[in-house]
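Source file: final_2.cif. Holds: mmCIF, C-alpha atoms.
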data_query
loop_
_atom_site.label_atom_id
_atom_site.label_comp_id
_atom_site.auth_asym_id
_atom_site.auth_seq_id
_atom_site.Cartn_x
_atom_site.Cartn_y
_atom_site.Cartn_z
CA MET A 281 96.12 132.38 106.11
CA SER A 282 99.43 131.69 107.82
CA TRP A 283 102.04 129.26 106.57
CA SER A 284 101.69 127.10 109.69
CA PHE A 285 97.96 126.78 108.98
CA VAL A 286 98.63 125.68 105.37
CA ALA A 287 101.37 123.30 106.54
CA ARG A 288 99.03 121.76 109.12
CA TYR A 289 96.36 121.25 106.46
CA VAL A 290 98.83 119.67 104.03
CA GLU A 291 100.16 117.46 106.82
CA LEU A 292 96.62 116.33 107.77
CA VAL A 293 95.76 115.50 104.16
CA ALA A 294 99.06 113.70 103.54
CA TRP A 295 98.67 111.64 106.72
CA SER A 296 95.05 110.85 105.83
CA VAL A 297 96.03 109.71 102.34
CA TYR A 298 98.85 107.57 103.73
CA LEU A 299 96.90 105.96 106.58
CA GLY A 300 93.73 105.65 104.49
CA GLY A 301 95.71 103.77 101.83
CA ALA A 302 97.07 101.35 104.43
CA LEU A 303 93.56 100.86 105.87
CA VAL A 304 92.08 100.16 102.42
CA MET A 305 94.79 97.59 101.71
CA GLU A 306 93.98 95.79 104.98
CA LEU A 307 90.20 96.21 105.28
CA VAL A 308 89.16 96.27 101.62
CA TRP A 309 91.72 94.66 99.37
CA ARG A 310 92.76 91.73 101.59
CA PRO A 311 89.18 90.40 102.10
CA ALA A 312 88.42 90.95 98.38
CA GLN A 313 91.40 88.73 97.46
CA GLU A 314 89.52 85.66 98.72
CA HIS A 315 87.19 85.91 95.72
CA LEU A 316 89.93 86.03 93.07
CA PRO A 317 92.30 83.38 91.67
CA MET A 318 95.93 83.58 92.86
CA SER A 319 97.24 84.49 89.39
CA GLN A 320 94.89 87.50 89.16
CA ILE A 321 95.69 88.59 92.73
CA GLY A 322 99.36 88.71 91.70
CA VAL A 323 98.57 90.87 88.66
CA ALA A 324 96.26 93.23 90.60
CA CYS A 325 98.74 93.50 93.50
CA GLN A 326 101.48 94.33 91.05
CA LYS A 327 99.42 97.04 89.36
CA MET A 328 98.27 98.53 92.69
CA GLY A 329 101.72 98.31 94.23
CA ARG A 330 103.19 100.33 91.35
CA ARG A 331 101.03 103.31 92.26
CA TYR A 332 100.69 102.76 95.99
CA ARG A 333 104.45 102.70 96.70
CA TRP A 334 105.04 106.09 95.09
CA ILE A 335 101.94 107.63 96.67
CA ALA A 336 103.00 106.27 100.10
CA LEU A 337 106.58 107.49 99.69
CA ALA A 338 105.45 110.91 98.46
CA MET A 339 103.03 111.30 101.37
CA LEU A 340 105.71 110.29 103.90
CA CYS A 341 108.06 112.88 102.38
CA VAL A 342 105.35 115.56 102.57
CA ILE A 343 104.65 114.64 106.22
CA GLY A 344 108.37 114.85 107.01
CA LEU A 345 108.75 118.23 105.30
CA THR A 346 105.67 119.84 106.85
CA SER A 347 106.64 118.54 110.30
CA LEU A 348 110.10 120.03 109.86
CA THR A 349 108.58 123.42 109.08
CA LEU A 350 106.08 123.24 111.96
CA LEU A 351 108.38 122.05 114.76
CA PRO A 352 110.75 125.05 114.95
CA GLY A 353 107.71 127.10 116.01
CA ARG A 354 107.63 125.18 119.30
CA ALA A 355 109.60 126.44 122.26
CA SER A 356 112.92 124.58 122.57
CA GLU A 357 112.12 123.37 126.10
CA THR A 358 108.99 121.55 124.92
CA LEU A 359 111.08 119.70 122.36
CA SER A 360 113.56 118.43 124.93
CA ILE A 361 113.63 114.73 125.77
CA SER A 362 112.76 115.52 129.39
CA SER A 363 109.26 116.70 128.41
CA ARG A 364 106.30 114.53 127.52
CA PHE A 365 105.83 116.46 124.27
CA GLY A 366 109.47 116.02 123.26
CA ARG A 367 109.43 112.26 123.93
CA SER A 368 106.22 111.88 121.89
CA VAL A 369 107.77 113.83 119.01
CA LEU A 370 110.81 111.54 119.19
CA ALA A 371 108.52 108.47 119.08
CA LEU A 372 106.78 109.98 116.05
CA VAL A 373 110.11 110.54 114.29
CA LEU A 374 111.10 106.90 114.98
CA CYS A 375 107.75 105.67 113.63
CA TRP A 376 108.23 107.84 110.54
CA CYS A 377 111.72 106.35 109.94
CA ALA A 378 110.32 102.81 110.35
CA LEU A 379 107.52 103.59 107.89
CA VAL A 380 109.93 104.99 105.30
CA ALA A 381 112.11 101.86 105.67
CA LEU A 382 109.07 99.58 105.28
CA VAL A 383 107.71 101.41 102.23
CA VAL A 384 111.18 101.42 100.62
CA SER A 385 111.58 97.67 101.25
CA MET A 386 108.08 97.13 99.86
CA ALA A 387 108.82 99.22 96.78
CA PHE A 388 112.19 97.74 95.91
CA SER A 389 112.05 94.19 97.29
CA ALA A 390 108.60 92.80 98.21
CA HIS A 391 106.79 94.34 95.24
CA PRO A 392 109.23 93.32 92.44
CA ALA A 393 109.05 89.72 93.79
CA LEU A 394 105.39 89.65 92.71
CA HIS A 395 106.46 90.17 89.14
CA VAL A 396 107.10 86.61 87.89
CA ARG A 397 106.86 85.87 84.17
CA MET A 398 106.21 82.24 83.33
CA PRO A 399 107.31 81.04 79.85
CA SER A 400 104.66 78.98 78.07
CA ASP A 401 107.00 75.96 77.70
CA LEU A 402 107.51 75.63 81.45
CA ASP A 403 107.06 72.05 82.76
CA PRO A 404 104.32 71.47 85.41
CA ASP A 405 106.80 71.20 88.31
CA ALA A 406 108.53 74.45 87.42
CA ARG A 407 105.15 76.13 86.91
CA ALA A 408 103.99 74.96 90.35
CA ALA A 409 107.25 76.21 91.88
CA ALA A 410 106.84 79.60 90.20
CA ARG A 411 103.23 79.83 91.47
CA ALA A 412 104.37 78.92 94.97
CA GLU A 413 106.99 81.68 94.72
CA VAL A 414 104.29 84.21 93.78
CA GLY A 415 102.19 82.96 96.72
CA ARG A 416 105.13 83.50 99.08
CA ALA A 417 105.71 86.98 97.64
CA ILE A 418 102.02 87.87 98.19
CA ARG A 419 102.21 86.65 101.80
CA ARG A 420 105.43 88.63 102.36
CA MET A 421 103.74 91.70 100.93
CA ASP A 422 100.73 91.12 103.21
CA ARG A 423 102.99 90.89 106.27
CA THR A 424 104.79 94.10 105.29
CA LEU A 425 101.47 95.90 104.75
CA ARG A 426 100.20 94.72 108.14
CA SER A 427 103.36 95.91 109.94
CA GLU A 428 103.08 99.20 108.09
CA LEU A 429 99.47 99.64 109.24
CA ALA A 430 100.34 98.78 112.87
CA ILE A 431 103.17 101.35 112.93
CA ALA A 432 101.01 103.96 111.17
CA LEU A 433 98.24 103.49 113.77
CA THR A 434 100.79 103.82 116.60
CA ALA A 435 102.18 106.98 115.02
CA THR A 436 98.64 108.37 114.75
CA LEU A 437 98.20 107.85 118.50
CA PHE A 438 101.36 109.87 119.21
CA ALA A 439 100.28 112.57 116.76
CA ALA A 440 96.82 112.73 118.37
CA SER A 441 98.40 113.13 121.80
CA LEU A 442 100.49 116.17 120.81
CA SER A 443 97.61 118.63 121.19
CA ALA A 444 97.17 117.32 124.77
CA GLY A 445 100.89 117.73 125.51
CA GLY A 446 102.16 114.28 124.50
CA LEU A 447 101.74 110.68 125.55
CA LEU A 448 105.02 109.25 126.90
CA MET B 1051 89.32 108.16 132.46
CA GLY B 1052 90.07 111.87 132.72
CA SER B 1053 89.62 114.58 130.14
CA TYR B 1054 93.30 114.22 129.12
CA TRP B 1055 92.74 110.63 127.97
CA TRP B 1056 89.32 111.34 126.47
CA GLY B 1057 90.87 114.20 124.49
CA ILE B 1058 93.58 111.90 123.11
CA VAL B 1059 91.11 109.07 122.35
CA GLY B 1060 88.79 111.57 120.62
CA SER B 1061 91.59 113.04 118.48
CA TYR B 1062 92.96 109.57 117.68
CA LEU B 1063 89.63 108.19 116.49
CA HIS B 1064 88.88 111.41 114.60
CA LEU B 1065 92.18 111.15 112.71
CA ILE B 1066 91.52 107.48 111.90
CA GLY B 1067 87.96 108.26 110.75
CA MET B 1068 89.17 111.08 108.51
CA ALA B 1069 92.02 108.97 107.11
CA ALA B 1070 89.70 106.04 106.39
CA TYR B 1071 87.25 108.32 104.57
CA LEU B 1072 89.56 110.67 102.69
CA GLY B 1073 92.58 108.44 102.15
CA GLY B 1074 90.34 105.45 101.56
CA SER B 1075 88.35 107.27 98.87
CA LEU B 1076 91.50 108.48 97.12
CA THR B 1077 93.06 105.00 97.26
CA MET B 1078 89.89 103.41 95.89
CA GLU B 1079 89.77 106.00 93.09
CA PHE B 1080 93.43 106.12 92.08
CA VAL B 1081 94.93 102.77 93.19
CA VAL B 1082 92.30 100.02 93.45
CA GLY B 1083 90.08 101.21 90.57
CA PRO B 1084 92.79 101.35 87.86
CA ALA B 1085 94.09 97.90 88.92
CA GLN B 1086 90.81 96.37 87.75
CA SER B 1087 91.75 97.09 84.16
CA ALA B 1088 94.76 94.77 84.48
CA ILE B 1089 92.70 91.62 85.01
CA PRO B 1090 90.04 89.92 82.82
CA PRO B 1091 86.61 91.68 82.78
CA ALA B 1092 84.72 88.92 84.65
CA GLN B 1093 87.22 88.95 87.50
CA ALA B 1094 87.48 92.74 87.36
CA GLN B 1095 83.72 92.88 87.96
CA VAL B 1096 84.04 90.55 90.99
CA MET B 1097 86.95 92.64 92.28
CA GLY B 1098 85.02 95.89 91.77
CA GLN B 1099 81.92 94.59 93.51
CA LYS B 1100 83.76 93.04 96.46
CA THR B 1101 86.03 96.03 97.05
CA ALA B 1102 83.08 98.44 96.77
CA ASP B 1103 81.04 96.34 99.25
CA LYS B 1104 83.89 96.33 101.76
CA PHE B 1105 84.65 100.00 101.24
CA LEU B 1106 81.03 100.91 101.89
CA ILE B 1107 81.41 99.35 105.35
CA VAL B 1108 84.60 101.38 105.86
CA VAL B 1109 82.77 104.56 104.75
CA TRP B 1110 79.86 104.08 107.15
CA GLY B 1111 82.24 103.09 109.94
CA SER B 1112 84.36 106.20 109.38
CA LEU B 1113 81.32 108.53 109.24
CA GLY B 1114 80.11 107.07 112.56
CA LEU B 1115 83.61 107.36 114.01
CA LEU B 1116 83.90 111.01 112.89
CA LEU B 1117 80.62 111.90 114.59
CA ALA B 1118 81.33 110.03 117.84
CA SER B 1119 84.94 111.23 118.14
CA GLY B 1120 83.94 114.78 117.17
CA ILE B 1121 81.44 114.85 120.03
CA VAL B 1122 83.99 113.34 122.45
CA GLN B 1123 86.62 115.92 121.44
CA ALA B 1124 84.29 118.89 121.77
CA PHE B 1125 82.80 117.61 125.03
CA TYR B 1126 86.13 117.11 126.74
CA LYS B 1127 87.51 120.45 125.63
CA GLY B 1128 85.29 122.29 128.08
CA THR B 1129 85.15 125.65 126.26
CA ASN B 1130 83.84 123.99 123.11
CA ARG B 1131 81.02 122.12 124.84
CA MET B 1132 78.55 124.97 124.56
CA VAL B 1133 79.48 125.55 120.92
CA LEU B 1134 78.76 121.88 120.27
CA LEU B 1135 75.32 122.24 121.80
CA GLY B 1136 74.56 125.04 119.36
CA ALA B 1137 75.21 128.03 121.64
CA GLY B 1138 77.50 130.42 119.83
CA TRP B 1139 77.58 128.62 116.52
CA PHE B 1140 77.06 131.89 114.66
CA SER B 1141 78.85 134.25 117.00
CA SER B 1142 82.42 133.14 116.48
CA SER B 1143 84.68 131.89 113.74
CA TYR B 1144 85.14 128.70 115.75
CA GLY B 1145 81.36 128.17 115.95
CA TRP B 1146 80.90 128.86 112.23
CA THR B 1147 83.61 126.37 111.38
CA GLN B 1148 82.11 123.69 113.60
CA PHE B 1149 78.64 124.34 112.17
CA LEU B 1150 80.00 124.07 108.63
CA MET B 1151 81.74 120.79 109.47
CA ILE B 1152 78.51 119.33 110.84
CA ILE B 1153 76.58 120.41 107.72
CA LEU B 1154 79.21 118.88 105.44
CA TRP B 1155 79.19 115.68 107.48
CA MET B 1156 75.41 115.56 106.97
CA VAL B 1157 75.88 116.01 103.21
CA LEU B 1158 78.30 113.05 103.24
CA VAL B 1159 75.74 110.97 105.17
CA ILE B 1160 72.92 111.89 102.74
CA ASN B 1161 75.14 111.08 99.75
CA GLY B 1162 76.09 107.80 101.42
CA LEU B 1163 72.42 106.93 101.96
CA ILE B 1164 71.61 107.69 98.31
CA MET B 1165 74.48 105.51 97.11
CA THR B 1166 73.77 102.64 99.52
CA PHE B 1167 70.01 102.40 99.24
CA VAL B 1168 69.17 103.90 95.83
CA LEU B 1169 72.03 103.68 93.35
CA ARG B 1170 73.97 100.54 94.31
CA PRO B 1171 70.88 98.26 94.33
CA LYS B 1172 70.22 99.45 90.76
CA LEU B 1173 73.70 98.30 89.75
CA ALA B 1174 73.32 94.96 91.49
CA GLY B 1175 69.85 94.18 90.05
CA LYS B 1176 69.57 90.89 88.16
CA MET B 1177 67.28 90.11 85.22
CA SER B 1178 65.40 86.89 84.60
CA ALA B 1179 65.85 85.00 81.32
CA GLN B 1180 62.27 85.80 80.21
CA VAL B 1181 62.67 89.58 79.85
CA GLY B 1182 62.51 91.14 76.39
CA ALA B 1183 65.17 93.11 74.53
CA GLN B 1184 63.50 96.43 75.34
CA GLN B 1185 63.48 95.69 79.05
CA VAL B 1186 67.15 94.67 78.90
CA GLN B 1187 68.01 97.93 77.16
CA ALA B 1188 66.00 99.97 79.67
CA LYS B 1189 67.73 98.18 82.53
CA GLN B 1190 71.14 98.80 80.98
CA GLN B 1191 70.34 102.49 80.57
CA GLU B 1192 69.27 102.64 84.20
CA MET B 1193 72.49 100.95 85.30
CA ILE B 1194 74.63 103.34 83.21
CA LYS B 1195 72.77 106.31 84.70
CA ALA B 1196 73.24 104.95 88.22
CA ALA B 1197 76.97 104.36 87.61
CA ARG B 1198 77.36 107.94 86.30
CA LEU B 1199 75.55 109.34 89.33
CA ILE B 1200 77.72 107.28 91.68
CA THR B 1201 80.86 108.68 90.00
CA ARG B 1202 79.49 112.24 90.30
CA ILE B 1203 78.51 111.85 93.96
CA THR B 1204 81.86 110.21 94.76
CA ARG B 1205 83.69 113.22 93.28
CA ILE B 1206 81.53 115.63 95.33
CA ASP B 1207 82.25 113.58 98.46
CA LEU B 1208 85.94 113.66 97.67
CA GLY B 1209 85.84 117.46 97.36
CA ILE B 1210 84.06 117.75 100.71
CA ALA B 1211 86.47 115.28 102.30
CA LEU B 1212 89.41 117.38 101.06
CA PHE B 1213 87.85 120.53 102.49
CA LEU B 1214 87.05 119.06 105.93
CA PRO B 1215 90.71 118.78 107.08
CA LEU B 1216 91.06 122.49 106.21
CA ALA B 1217 88.24 123.26 108.63
CA GLY B 1218 89.78 120.80 111.09
CA ALA B 1219 93.16 122.56 110.83
CA GLY B 1220 91.29 125.80 111.60
CA LEU B 1221 89.79 124.27 114.73
CA ILE B 1222 93.17 122.90 115.84
CA ARG B 1223 94.62 126.41 115.85
CA GLY B 1224 91.63 127.38 117.99
CA ALA B 1225 90.40 130.22 115.80
CA GLY B 1226 88.32 128.42 113.23
CA LEU B 1227 88.39 129.03 109.53
CA PHE B 1228 86.70 132.33 108.92
CA THR B 1229 88.79 134.80 110.88
CA GLY B 1230 89.51 137.76 108.64
CA THR B 1231 87.61 136.33 105.71
CA ALA B 1232 84.66 137.79 103.83
CA LEU B 1233 82.23 135.27 105.31
CA PHE B 1234 83.19 136.12 108.86
CA ASP B 1235 83.04 139.83 108.09
CA LEU B 1236 79.55 139.23 106.74
CA THR B 1237 78.47 137.64 110.02
CA ALA B 1238 79.86 140.69 111.80
CA LEU B 1239 77.93 143.02 109.48
CA MET B 1240 74.75 141.08 110.14
CA GLY B 1241 75.21 141.71 113.82
CA LEU B 1242 75.88 138.06 114.54
CA HIS B 1243 79.42 138.65 115.74
#

Kindly return the structure encoded in the file as structure tokens.
Amino acid sequence: MSWSFVARYVELVAWSVYLGGALVMELVWRPAQEHLPMSQIGVACQKMGRRYRWIALAMLCVIGLTSLTLLPGRASETLSISSRFGRSVLALVLCWCALVALVVSMAFSAHPALHVRMPSDLDPDARAAARAEVGRAIRRMDRTLRSELAIALTATLFAASLSAGGLL
Amino acid sequence: MGSYWWGIVGSYLHLIGMAAYLGGSLTMEFVVGPAQSAIPPAQAQVMGQKTADKFLIVVWGSLGLLLASGIVQAFYKGTNRMVLLGAGWFSSSYGWTQFLMIILWMVLVINGLIMTFVLRPKLAGKMSAQVGAQQVQAKQQEMIKAARLITRITRIDLGIALFLPLAGAGLIRGAGLFTGTALFDLTALMGLH
């Protein structure tokens, strides 16, 4: 079993885990939220986000590393910007950078905003404001997850085109 | 649409199908499932039921997508067309790998059918107020047994789903999975190679 074969397998699994996670968030978790109260959605999102962000980041790192080890095997002319393959690889790299930026922003900005502790002596107005803040944070998180999924699906298209010589 | 585009569409949908199944299962198991423990039991039950219902749709969709895109991919890569139709399944590493993938896909479908039509209805069954204590206990035992079986089958499916990309990686390199391995040597010994 050659290293490139192992790397390809690891890359496939890592990409599947990453994209599958994004698909579950959009197709499973978002519709399920409609049946839960806002306060519980916040708690569940927070708990899920804690794991999901590290899994997503780890998978993106694995994808980056395996791609780095697989690409040098290609002839240098196919990796040039003048070839269809090279341009598709460049598009993939850009998508990967965008995904890393989105996951990092989700992990260190959108996700912590979900974590709002309300003291028991809070007056009704302040409580309503805090709840509205959590609602905004959930919507922001939803938007980030949707953008992440859209970019991941675009990246998958470029990746799928590589075996046929590229897309652009 | 030429074979170039069909090839890309086939690969694209195959990757999405595999990601939805494998990544989806892992996310359900290790991200969505544990989050249920953070909310009150009544709402956790609603969350578990709703997410499982939706995920079942994703699972069936991805299994259908894997079959359709697998056929498209093999059909538009001319040399593989005959292997897809069964000619040469057992005479090459590529054919063996493809045959194995189809068998494993069938196992996933059978497991999915068992979970959808046998085990999940047992979990969702409701009891009327008139039933006795013994019947309640029997029903609870049945539900526990069904839940255990679902967990076991899910783990088997996860193992298969983790193996399938390995076979897929073998097909991508064009040689299949069994080149130089004991299994492929066995097929050679049996005169199948």

Item to complete: Can you give me, as a ChimeraX atom specification, the residues this file yields under the PyMOL selection byres ((chain A) within 8 of (chain B))?
Response: /A:285,288-289,292-293,295-301,303-304,307-309,311-313,315-316,320,323-325,327-328,331-332,436-437,439-441,444

Discussion item. Rounded to one decimal, what separation in Å do you get between CA of Gly329 in chain A and CA of Pro1091 in chain B?
Written reply: 20.1 Å

Item to complete: Give me the residues within 12 Å of Ile1194 in chain B as an NGL selection string, counting all atoms listed in the file and dropping any in the same chain fewer than 3 places off.
Response: :B and (1169-1170 or 1172-1174 or 1187-1191 or 1197-1201)

Worksheet entry | Answer key for the PyMOL selection byres ((chain A and resi 375-383) around 8), residues as a PyMOL selection string | chain A and resi 333+336-337+340+344+371-374+384-387+424+428+431-432+434-435

Considering all atoms listed in the file, return as a compact mmCIF listing (two decimals) with C-alpha atoms, in the coordinates of the input whatever protein or nucleic-acid residues lie within 12 Å of Arg416 in chain A, sequence-local ones (same chain, fewer than 2 positions apart) excluded.
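To be explicit, this is the file written out as result.txt:
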# COMPACT_ATOMS: atom_id res chain seq x y z
CA MET A 318 95.93 83.58 92.86
CA GLY A 322 99.36 88.71 91.70
CA ALA A 390 108.60 92.80 98.21
CA HIS A 391 106.79 94.34 95.24
CA ALA A 393 109.05 89.72 93.79
CA LEU A 394 105.39 89.65 92.71
CA VAL A 396 107.10 86.61 87.89
CA ALA A 409 107.25 76.21 91.88
CA ALA A 410 106.84 79.60 90.20
CA ARG A 411 103.23 79.83 91.47
CA ALA A 412 104.37 78.92 94.97
CA GLU A 413 106.99 81.68 94.72
CA VAL A 414 104.29 84.21 93.78
CA ILE A 418 102.02 87.87 98.19
CA ARG A 419 102.21 86.65 101.80
CA ARG A 420 105.43 88.63 102.36
CA MET A 421 103.74 91.70 100.93
CA ASP A 422 100.73 91.12 103.21
CA ARG A 423 102.99 90.89 106.27

Fill in: Atom-to-atom span, CA of Glu306 in chain A and CA of Ser1119 in chain B, Å
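Straight-line distance from CA of Glu306 in chain A to CA of Ser1119 in chain B works out to 22.2 Å.
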
Worksheet item: Care to translate the PyMOL selection byres ((chain A and resi 364) around 6) into actual residues of this file, as a count of residues only?
Response: 6

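Straight-line separation from CA of Leu348 in chain A to CA of Leu447 in chain A: 20.1 Å.
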
Worksheet entry | Pick from B:Thr1204, B:Gln1123, B:Gln1148, B:Ser1112 nearest to Ile1164 in chain B, counting all atoms listed in the file |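 Among the listed residues, the smallest separation from Ile1164 in chain B belongs to B:Thr1204.
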
Reconstructed range 1067-1086 of chain B, atom set N, CA and C atoms, as a PDB file, keeping the file's coordinate frame:
ATOM      1  N   GLY B1067      89.194 108.129 111.531  1.00  0.00           N
ATOM      2  CA  GLY B1067      87.960 108.260 110.750  1.00  0.00           C
ATOM      3  C   GLY B1067      88.194 109.089 109.490  1.00  0.00           C
ATOM      4  N   MET B1068      88.912 110.204 109.656  1.00  0.00           N
ATOM      5  CA  MET B1068      89.170 111.080 108.510  1.00  0.00           C
ATOM      6  C   MET B1068      90.087 110.372 107.488  1.00  0.00           C
ATOM      7  N   ALA B1069      91.104 109.680 108.011  1.00  0.00           N
ATOM      8  CA  ALA B1069      92.020 108.970 107.110  1.00  0.00           C
ATOM      9  C   ALA B1069      91.291 107.879 106.349  1.00  0.00           C
ATOM     10  N   ALA B1070      90.419 107.134 107.061  1.00  0.00           N
ATOM     11  CA  ALA B1070      89.700 106.040 106.390  1.00  0.00           C
ATOM     12  C   ALA B1070      88.804 106.603 105.289  1.00  0.00           C
ATOM     13  N   TYR B1071      88.174 107.750 105.565  1.00  0.00           N
ATOM     14  CA  TYR B1071      87.250 108.320 104.570  1.00  0.00           C
ATOM     15  C   TYR B1071      88.014 108.968 103.400  1.00  0.00           C
ATOM     16  N   LEU B1072      88.866 109.911 103.741  1.00  0.00           N
ATOM     17  CA  LEU B1072      89.560 110.670 102.690  1.00  0.00           C
ATOM     18  C   LEU B1072      90.612 109.825 101.970  1.00  0.00           C
ATOM     19  N   GLY B1073      91.524 109.257 102.751  1.00  0.00           N
ATOM     20  CA  GLY B1073      92.580 108.440 102.150  1.00  0.00           C
ATOM     21  C   GLY B1073      92.011 107.208 101.486  1.00  0.00           C
ATOM     22  N   GLY B1074      90.980 106.625 102.130  1.00  0.00           N
ATOM     23  CA  GLY B1074      90.340 105.450 101.560  1.00  0.00           C
ATOM     24  C   GLY B1074      89.712 105.766 100.215  1.00  0.00           C
ATOM     25  N   SER B1075      88.993 106.890 100.134  1.00  0.00           N
ATOM     26  CA  SER B1075      88.350 107.270  98.870  1.00  0.00           C
ATOM     27  C   SER B1075      89.382 107.498  97.773  1.00  0.00           C
ATOM     28  N   LEU B1076      90.458 108.201  98.122  1.00  0.00           N
ATOM     29  CA  LEU B1076      91.500 108.480  97.120  1.00  0.00           C
ATOM     30  C   LEU B1076      92.177 107.185  96.666  1.00  0.00           C
ATOM     31  N   THR B1077      92.418 106.273  97.616  1.00  0.00           N
ATOM     32  CA  THR B1077      93.060 105.000  97.260  1.00  0.00           C
ATOM     33  C   THR B1077      92.141 104.167  96.374  1.00  0.00           C
ATOM     34  N   MET B1078      90.844 104.163  96.711  1.00  0.00           N
ATOM     35  CA  MET B1078      89.890 103.410  95.890  1.00  0.00           C
ATOM     36  C   MET B1078      89.846 103.981  94.462  1.00  0.00           C
ATOM     37  N   GLU B1079      89.894 105.314  94.383  1.00  0.00           N
ATOM     38  CA  GLU B1079      89.770 106.000  93.090  1.00  0.00           C
ATOM     39  C   GLU B1079      91.037 105.853  92.231  1.00  0.00           C
ATOM     40  N   PHE B1080      92.184 106.035  92.864  1.00  0.00           N
ATOM     41  CA  PHE B1080      93.430 106.120  92.080  1.00  0.00           C
ATOM     42  C   PHE B1080      94.350 104.902  92.169  1.00  0.00           C
ATOM     43  N   VAL B1081      94.069 103.963  93.077  1.00  0.00           N
ATOM     44  CA  VAL B1081      94.930 102.770  93.190  1.00  0.00           C
ATOM     45  C   VAL B1081      94.142 101.494  92.887  1.00  0.00           C
ATOM     46  N   VAL B1082      93.062 101.273  93.621  1.00  0.00           N
ATOM     47  CA  VAL B1082      92.300 100.020  93.450  1.00  0.00           C
ATOM     48  C   VAL B1082      91.540 100.012  92.117  1.00  0.00           C
ATOM     49  N   GLY B1083      90.873 101.121  91.809  1.00  0.00           N
ATOM     50  CA  GLY B1083      90.080 101.210  90.570  1.00  0.00           C
ATOM     51  C   GLY B1083      90.890 100.896  89.318  1.00  0.00           C
ATOM     52  N   PRO B1084      92.013 101.613  89.086  1.00  0.00           N
ATOM     53  CA  PRO B1084      92.790 101.350  87.860  1.00  0.00           C
ATOM     54  C   PRO B1084      93.334  99.921  87.781  1.00  0.00           C
ATOM     55  N   ALA B1085      93.544  99.266  88.942  1.00  0.00           N
ATOM     56  CA  ALA B1085      94.090  97.900  88.920  1.00  0.00           C
ATOM     57  C   ALA B1085      93.106  96.909  88.315  1.00  0.00           C
ATOM     58  N   GLN B1086      91.829  97.259  88.321  1.00  0.00           N
ATOM     59  CA  GLN B1086      90.810  96.370  87.750  1.00  0.00           C
ATOM     60  C   GLN B1086      91.011  96.159  86.252  1.00  0.00           C
TER      61      GLN B1086
END
